[in-house]
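Below is one structure, written out as structure tokens; the observations come after it.
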Amino acid sequence: MNRSWLLVLLMAAPLTALAQEKSFAYFQADRLEYQAEDEATVWDLQGWYGKDLQKFWWKVEGSDAEITTNDVQLLYSRAVS
């Protein structure tokens with residue numbers, strides 16, 4: 001076998017492993033409240049979807065009583081060496 005082919009095969013193996021890496025999801029509700037008398041709903045949720053080295057994060061918090069205090073964050077993370 002030619003040495004250049006051997007080098008290509010050695011470099012392709014880790015790339016193939018990354019391509020076959022599975023995606024995962026995570027969801028967490030820190031606060032989820034509802035009050036019937038005042039009709040107030042409060043929430044604080046977060047989660048992510050992605051692989052080990054790259055993830056899409058989202059965070060949402062707010063309430064129905066005060067619409068001006070709602071907060072939505074959409075984030076992207078990538079591992080850097």
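Following the order of the structure tokens, first chain is A, next is B, and so on, with residues numbered from 1 inside each chain and ligands from 1 in the order they appear.
Those residues that approach range 47-51 of chain A to within 6 Å, counting only C-alpha atoms, are Ser23, Phe24, Ala25, Tyr26, Phe27, Gln28, Trp57 and Trp58 of chain A; same-chain residues fewer than 6 positions away are not listed.
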Counting only C-alpha atoms, closest pick from A:Asp44, A:Asp52, A:Glu21, A:Glu37 relative to Arg78 in chain A is A:Asp52
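In this comparison, which uses only C-alpha atoms, the residue of A:Leu53, A:Leu45, A:Arg31, A:Lys59 approaching Ser81 in chain A most closely is A:Leu53.
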Need the shell around Tyr34 in chain A: protein/DNA/RNA residues with any atom at most 12 Å away, counting only C-alpha atoms. Skip same-chain ones fewer than 6 positions apart. Format as a CSV table (one decimal) with C-alpha atoms, in the first residue's frame?
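And here is the file that came out, selection20.csv:
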chain,number,residue,atom,x,y,z
A,40,ALA,CA,-50.7,34.9,36.5
A,41,THR,CA,-48.3,32.5,34.9
A,42,VAL,CA,-44.6,32.5,35.5
A,43,TRP,CA,-41.9,30.4,33.7
A,63,SER,CA,-44.7,36.0,33.1
A,64,ASP,CA,-48.1,36.8,31.6
A,65,ALA,CA,-48.7,39.6,34.2
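Note that the spacing between CA of Lys55 in chain A and CA of Tyr76 in chain A amounts to 5.9 Å.
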